[in-house]
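In what follows, a structure is listed as structure tokens, so that the remarks can point back to it.
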Amino acid sequence: MGSMPLKEETQHTLPPLIRRAGFWRRMAASILDFVPPVIIQWMFLYLGFPKSKMFLSLFFLCLAYETVFEVCSVQATPAKVLFGLHLTNSYGKSLTALQVLIRNTIKYLFILPGLFFSWGYMVPFLLLDNLFVFGRTMQPLHDKAAKAIVTDNVIIFRLKPSDTYAWPPLNTAGIQCVSGYYAGKFFPLLESKIVMGRSVQNCNIVFPDRTRGVSAIHCELMWDKSSQSIVLRDLGSTYGTVLDHGTRIKDGQMAVLRAEHGFTIGEDNRFIVKM
């Protein structure tokens, strides 16, 4: 007996997989992070460091201060730790040293000129840097350039190939990919849901950008404890999600999948339910 398509259509809102920190908490942390380099700079001036090189010295002090703390295991400066923030990438992993260096270089190139020339000189650069901060991704330019996210430490379970198993663990419900990009990989459902598609921000099984037939946010799977089955829902994908007996579900339609039931997304990405 094949899987059973359901006609129910509901509104679906995806929770953020990595919760981005709010603007004002980030701003407060940035102001506090500026204090230690400034104190060190004053000490240099007191010891006779030439004022003509004050701009360069403060730039490199700020750059070194933030970079050293953000490449360590904490992934945050003391001020970010105080406000419960840290740096990560879209997979919830640490940034590379190069990414952190790029991020902080761009950040302080925008900020420091205003301190030495005039606030009016800095304003257009700050506006440019924060042009995207109130957009969907809540990222200023220096974060976008380094592919960085400032999060408030809430990172929801995300699946990647390195976190999957080559075979299903005992008594674990999930899906096994039998052909396509993730062929041979098993994705455990655990207590979370699985969201499949090309969007790194919204999916926890992520396909490459050019995967044919797979939408940015394609479909989701959830464990139904009452029926001991997996519920598959199409999330408005362009080409739909095809069940093994040929039925194509799309636009919010659902199907109940049990052990050994299968479905395909895109041209050849076929998955089978394992329990």
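As shown in the structure tokens, the chain order sets the letters A, B, ...; within each chain, residues go from 1, and ligands are also counted from 1 in the order they appear.
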
Output as a tab-separated table one row per residue of region 77-109 of chain A within 9 Å of region 23-29 of chain A: the closest atom pair and its distance in Å to one decimal place, counting only C-alpha atoms, sorted by chain and residue number ascending.
residue	atom	partner	partner_atom	distance
A:Thr77	CA	A:Ala29	CA	8.6
A:Pro78	CA	A:Ala29	CA	8.7
A:Ala79	CA	A:Ala29	CA	5.0
A:Lys80	CA	A:Ala29	CA	5.5
A:Val81	CA	A:Ala29	CA	8.8
A:Leu82	CA	A:Ala29	CA	8.0
A:Phe83	CA	A:Arg25	CA	6.8
A:Leu85	CA	A:Arg26	CA	8.0

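For the residues A:Ser237, A:Ser229, A:Asn269, A:Thr151, ranking by smallest atom-to-atom distance to Cys177 (chain A) using only C-alpha atoms places A:Asn269 first.
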
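Take CA of Thr238 (chain A) and CA of Val214 (chain A): the distance between them is 7.8 Å.
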
Excluding Gln41 (chain A) and any residue of its chain fewer than 4 positions from it, enumerate the residues within 12 Å of it, using only C-alpha atoms, and give them as a list in words.
->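 Contacts, with the query itself left out: Phe34, Val35, Pro36, Pro37, Leu45, Tyr46, Leu47, Gly48, Phe49, Pro50, Lys51, Lys53, Met54, Phe55, Leu56, Ser57, Leu58, Phe59, Phe60, Leu61 and Cys62 of chain A.
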
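Straight-line separation from CA of Lys147 (chain A) to CA of Gly266 (chain A): 27.3 Å.
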
Any idea what's packed within 10 Å of His261 (chain A), counting only C-alpha atoms, ignoring anything in its chain fewer than 2 positions away? Could you give it as number ranges by chain?
-> A: 1-3, 175, 230, 243-245, 256-259, 263, 271-274

Go ahead and dump the residues you just picked, C-alpha atoms, as an mmCIF file, in the first residue's frame.
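New file selection02.cif:
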data_model
loop_
_atom_site.group_PDB
_atom_site.id
_atom_site.type_symbol
_atom_site.label_atom_id
_atom_site.label_comp_id
_atom_site.auth_asym_id
_atom_site.auth_seq_id
_atom_site.Cartn_x
_atom_site.Cartn_y
_atom_site.Cartn_z
ATOM 1 C CA MET A 1 0.000 0.000 0.000
ATOM 2 C CA GLY A 2 1.408 3.398 -1.005
ATOM 3 C CA SER A 3 1.630 6.561 0.983
ATOM 4 C CA ILE A 175 15.006 9.165 5.826
ATOM 5 C CA ILE A 230 6.343 10.686 9.167
ATOM 6 C CA LEU A 243 5.626 10.091 -4.004
ATOM 7 C CA ASP A 244 6.764 6.630 -5.072
ATOM 8 C CA HIS A 245 3.421 5.682 -6.664
ATOM 9 C CA VAL A 256 1.684 10.287 5.519
ATOM 10 C CA LEU A 257 4.782 8.113 5.071
ATOM 11 C CA ARG A 258 5.528 4.863 6.851
ATOM 12 C CA ALA A 259 8.486 2.469 6.753
ATOM 13 C CA PHE A 263 9.498 10.297 -2.305
ATOM 14 C CA PHE A 271 14.499 9.256 -0.152
ATOM 15 C CA ILE A 272 13.047 6.242 1.690
ATOM 16 C CA VAL A 273 11.580 6.283 5.192
ATOM 17 C CA LYS A 274 13.419 4.105 7.714
#

Residues flagged alpha helix (DSSP H) by DSSP in region 58-105 of chain A, as a list in words | Leu58, Phe59, Phe60, Leu61, Cys62, Leu63, Ala64, Tyr65, Glu66, Thr67, Val68, Phe69, Glu70, Pro78, Ala79, Lys80, Val81, Leu82, Ala97, Leu98, Gln99, Val100, Leu101, Ile102, Arg103, Asn104 and Thr105 of chain A

For Ile217 (chain A), which residue among A:Arg233, A:Arg198, A:Lys193, A:Lys185 is the nearest when counting only C-alpha atoms?
->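 Of A:Arg233, A:Arg198, A:Lys193, A:Lys185, the one nearest Ile217 (chain A) is A:Arg198, counting only C-alpha atoms.
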
Pick from A:Val231, A:Ala145, A:Cys72, A:Val200, whichever lies nearest to Gly174 (chain A) using only C-alpha atoms |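 Comparing A:Val231, A:Ala145, A:Cys72, A:Val200 against Gly174 (chain A), the winner is A:Val231.
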
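You will find CA of Gly180 (chain A) at 8.2 Å from CA of Glu267 (chain A).
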